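For reference, the structure is listed below as structure tokens.
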Amino acid sequence: MSKLVVIGDGMVGRRFLEAVTQRDPSWDVTVLAEEPRPAYDRVRLSAFFDGVSAEELSLASDLPGVDVRLGEPAVAVDREARTVRSSAGDYAYDKLVFATGSYAFVPPMEGADLEGVFVYRTVEDLESIKAHASGRRHGVVIGGGLLGLEAANALKLLGLETQIVEFAPWLMARQLDEAGGGILKQHIEKLGIGVDCSTGGTRISAVDGRLLMDTNREGVSYETDLIVFAAGVRPRDQLARECGIAVGERGGITTDLACQTSDPDVYAIGEVAAMEGVCYGLVAPGYAMAEVVADRLAGGEATFPGADMSTKLKLLGVDVAQFGAFDGPLATTYLDPVHGSYAKLVLSDDATTLLGGMLVGDAEAYPLLRASVGGKVPAKLADLLGGGEVEGTLPDAAQVCSCNAVTKGDIMGAIHDEGCVDVPSLKACTKAGTSCGSCVPMLKQLLAEGGVEVSKSVCEHFTQSRAELFDIVKVTGITTFSELIARHGTGSGCDLCKPAVASILASLSNGHILEGEQAALQDTNDHFLANMQRNGTYSVVPRIPGGEITPDKLIVIGQVAKEFDLYTKITGGQRIDMFGARVEDLPKIWRKLVDAGFESGHAYGKALRTVKSCVGTDWCRYGVQDSVKMAIDLELRYRGLRSPHKLKSAVSGCARECAEARGKDFGVIATEHGWNLYVGGNGGFTPRHADLLMSDVDSETLVRTIDRFLMFYISTADRLQRTSKWVEALEGGIDYLREVIVDDKLGICGELDALMAKHVENYADEWKGVIDDPEKLQRFVSFVNAPEAPDPSIEFETVRGQKFPAGTTARSHTQPVLLGTPERK
Amino acid sequence: MQTICEFDRLIPGRGVAALLGDGTQVAVFRLFDDSLFAVANRDPFMHANVISRGLVGDRGGEPVVVSPLLKQAFSLKTGVCLDDESVALEVFAVEVLGGEVRVGVRAEAEASA
């Protein structure tokens, strides 16, 4: 097996490992990493101060055949012997890849090594800044570029009064012109952050436990508590220099367009590479290099496609974008001091071709403009410059997603040939929009251009979406399906709209789901309050809140299962499922369960299923909060709540996460100070980890926020849309969700709270409602003319000491399970 | 024809199962307009007697019942599966006489038998 050694485990290195293992898994790969933690999303580093944990920034993934040696930096390369020496040993290589990235540049300045002076590069840097900032009030950031503004944002999030000091005459001088930098400064000063341009620090000294920085400007100095250098980065090429590999004049390992260095067996990718003399400080070109080398190692001939240096960022809440050329023969600008926006478009001298430009304050036209660089101006100039979303047409060759090099042609192909009909399917098919996400609005436009009508109609009987029907029912107070379809639909309904409307009526607390006409709307499982199995029998799942159950109740379940000859199995949701119940036995089974204090577990409904828990502080040595109590409280609060799809939840008592809360629609993880709330996770067909919505909140805030999350979801989701897809489809995603249900941006929180209060107040056990009602009981019969006669066609056989539907052992398409264990009788 | 129950016992928009004298199982549906339909209760795809527990509605105006197992739709008039026309449910005759629902093998099926 050929040996590949990679030095460095950053974003580009990680992308390279993924690409290499995908294309040619035969490499035996060793990664030597200096940092103690696996690769993380450095681009989002300042999110660390916004409650996102280091773990959530992690890009770590298990890759086959890759040995990542964390905290083991490479110290020397012997190119003759083809070995790399690390702090712990020697590694032979056939091919070697430098992905060492950059280090933060600190200009030579007296006092730059004093306590309280930091750089802004790694999670460790951020942790030190956080520790030092605690209890202090003022900070200075040196650098007003991308990194400097990120750092200023971080200090502001830490609650410090913040001052930016920039040597250039305006902010973001590498991306913006003077007018653009001026508008940006206006926005930032409005946030209470000081900005001094044309200013450079000259000396730092310690005075009375604080820092004093003198500057090149007469009489200007800053007294502060901490100073962060964010004035750029330099390639980490030391190791390459020492082993004689050629480096560029201004640093960086010199490579050709194949990322090959002066030694043909050694490659360099990412910020450390000086490709044809140029170092790229953005992640997208680094990713492209990673793909190039992965292709080369697999025997391909890829070359660097050219760097797209376009960027779009939200810095301190201000949209800033730059694309293509910065300046050119013909430039047209638009400055709106009232709304604080600035736009500049650079055109060819005959005004036919868009060469580049920049947007500050309003960057909605960015996806269209960036994709149009090098082509025709895609819309009227006044529209493009004036702000707001712009529709335009792009040539097929236009690159829509620069992170993953996806062109408009690729997207249209996916729409027409692969049958993609929405943004999630386009993401899965083309990878477009999966990295920075800035092209997602563009994807929507292209779907429309491709003739995809994103129909949200529930079915042929209602042109409205589920969310619209929800609003209609809520506003009009309609309580029956027949009135709804008569006034707002056509025909007599079907298996799509009836259960959807039944769910809406139930969400809005309209009594027992089998009352009156509602009974006719319920899917078969809801109609019999049990889950139909393949042979027409049902499974029965009583609620066991939080998975906590007394021995007496366990015995009751055992007795009931024995009496009615039911197959029993522990479910994934910490409860017990009893299978093989005949429809006419359901009321008798439930009479016993209800008498013993059980309630419906709603395993049959699009409703809250379970809130799993770990044992938490009660028993566990590691638990930091009472997870079992919280799980029980949540399960009891939301039991019976009908929703567009099933809802699952879990509560973990510490960060070890034994309850697997991040795989749930809403998951709660205990912290030292309270709870972290995660939303939008699921297992199932496409597993997805939930996103952090809030951290370190108290129990009351936690429950209030979950109330709103659930009610906002129930009010606005599509039919059978799980929370994960719903959050993904929200324009603005999790941040928007937070604005709505935490900051109450839409002013609807009061209404959401009231809806949930109504649900909690009106909850009643559905099964108790049936066994106490002779009219409803009548429906639970095998035959209308022979109520107690068991269906003679239902037969069982015995396997592993329990009953199964007949034919279970003979089912031909299932794979034999042969593990050499003795057959249990 | 065999009497199975009182008409008022049927819930509009739902079905019931009935056991005929020869052991045949029939699914009987009452729609919202009080019309009645009867088809075989056995799901031809999964071979379980569950059709009576399916949801009814219409597809393009054709009254249908949807199997509760794998959700294929069957015409209540002809029994033909709209998702796979090679499969059909047997259709039974159904009538209301003196407030009672009666079900039987269809006349034309009897004639051809």
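How things are named: the first chain in the structure tokens is A, the next is B, and so on; residues count from 1 in each chain; ligands count from 1 in the order shown.
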
| said: I need the residues of chain B that end up classed as strand (DSSP E) by DSSP on the backbone, written out as a VMD selection string. | reply: chain B and resid 2 to 6 14 to 19 25 to 30 36 to 40 55 to 59 62 to 66 73 to 75 91 to 97 100 to 105

| task | Please determine the contact residues of chain B with respect to chain A at a cut-off of 7 Å, counting only C-alpha atoms, and supply them as a VMD selection string. | result | chain B and resid 4 to 5 12 to 14 16 to 19 48 to 50 53 to 58 61 66 68 to 69

Residues of stretch 173-257 of chain A at most 12 Å from stretch 1-11 of chain A: nearest atom pair and distance in Å, only C-alpha atoms, as JSON lines:
{"residue": "A:Arg236", "atom": "CA", "partner": "A:Gly8", "partner_atom": "CA", "distance": 10.3}
{"residue": "A:Asp237", "atom": "CA", "partner": "A:Ile7", "partner_atom": "CA", "distance": 11.3}
{"residue": "A:Leu239", "atom": "CA", "partner": "A:Ile7", "partner_atom": "CA", "distance": 9.9}
{"residue": "A:Ala240", "atom": "CA", "partner": "A:Ile7", "partner_atom": "CA", "distance": 10.7}

Once you have the residues from the selection above, write them out as a CSV table (one decimal), in the first residue's frame, restricted to N, CA and C atoms.
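Full text of again_19.csv as output:
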chain,number,residue,atom,x,y,z
A,236,ARG,N,2.6,29.2,6.6
A,236,ARG,CA,3.5,28.5,7.5
A,236,ARG,C,4.4,27.6,6.7
A,237,ASP,N,5.4,28.2,6.1
A,237,ASP,CA,6.3,27.4,5.2
A,237,ASP,C,7.6,27.0,5.8
A,239,LEU,N,8.8,24.6,7.7
A,239,LEU,CA,9.2,23.2,7.5
A,239,LEU,C,9.7,23.0,6.1
A,240,ALA,N,8.9,23.5,5.2
A,240,ALA,CA,9.3,23.3,3.8
A,240,ALA,C,10.6,24.0,3.4

| task | State, in Å with one decimal place, the distance from atom CA of A:Glu599 to atom CA of A:Pro545. | result |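 Value for the atom CA of A:Glu599-atom CA of A:Pro545 distance: 9.9 Å.
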
| note | Taken to one decimal, the atom CA of A:Ala717-atom CA of A:Gly317 distance is 27.6 Å

| message | Please compute the atom CA of A:Lys592-atom CA of A:Val541 distance, one decimal, in Å. | response | 13.2 Å

| message | Which residues are close to A:Glu391, i.e. within 8 Å by only C-alpha atoms, leaving aside same-chain residues fewer than 4 positions away? Reply as a list in words. | response | Leu368, Ala379 and Gln445 of chain A

Selected residues, N, CA and C atoms, written as a PDB file, in the first residue's frame, please.
ATOM      1  N   LEU A 368     -26.737  36.530  -8.063  1.00  0.00           N
ATOM      2  CA  LEU A 368     -26.897  36.738  -9.501  1.00  0.00           C
ATOM      3  C   LEU A 368     -25.658  37.404 -10.091  1.00  0.00           C
ATOM      4  N   ALA A 379     -29.177  42.041 -15.692  1.00  0.00           N
ATOM      5  CA  ALA A 379     -30.466  42.729 -15.546  1.00  0.00           C
ATOM      6  C   ALA A 379     -30.213  44.219 -15.738  1.00  0.00           C
ATOM      7  N   GLN A 445     -34.346  30.583  -7.705  1.00  0.00           N
ATOM      8  CA  GLN A 445     -34.656  31.239  -8.979  1.00  0.00           C
ATOM      9  C   GLN A 445     -34.492  30.277 -10.134  1.00  0.00           C
TER      10      GLN A 445
END
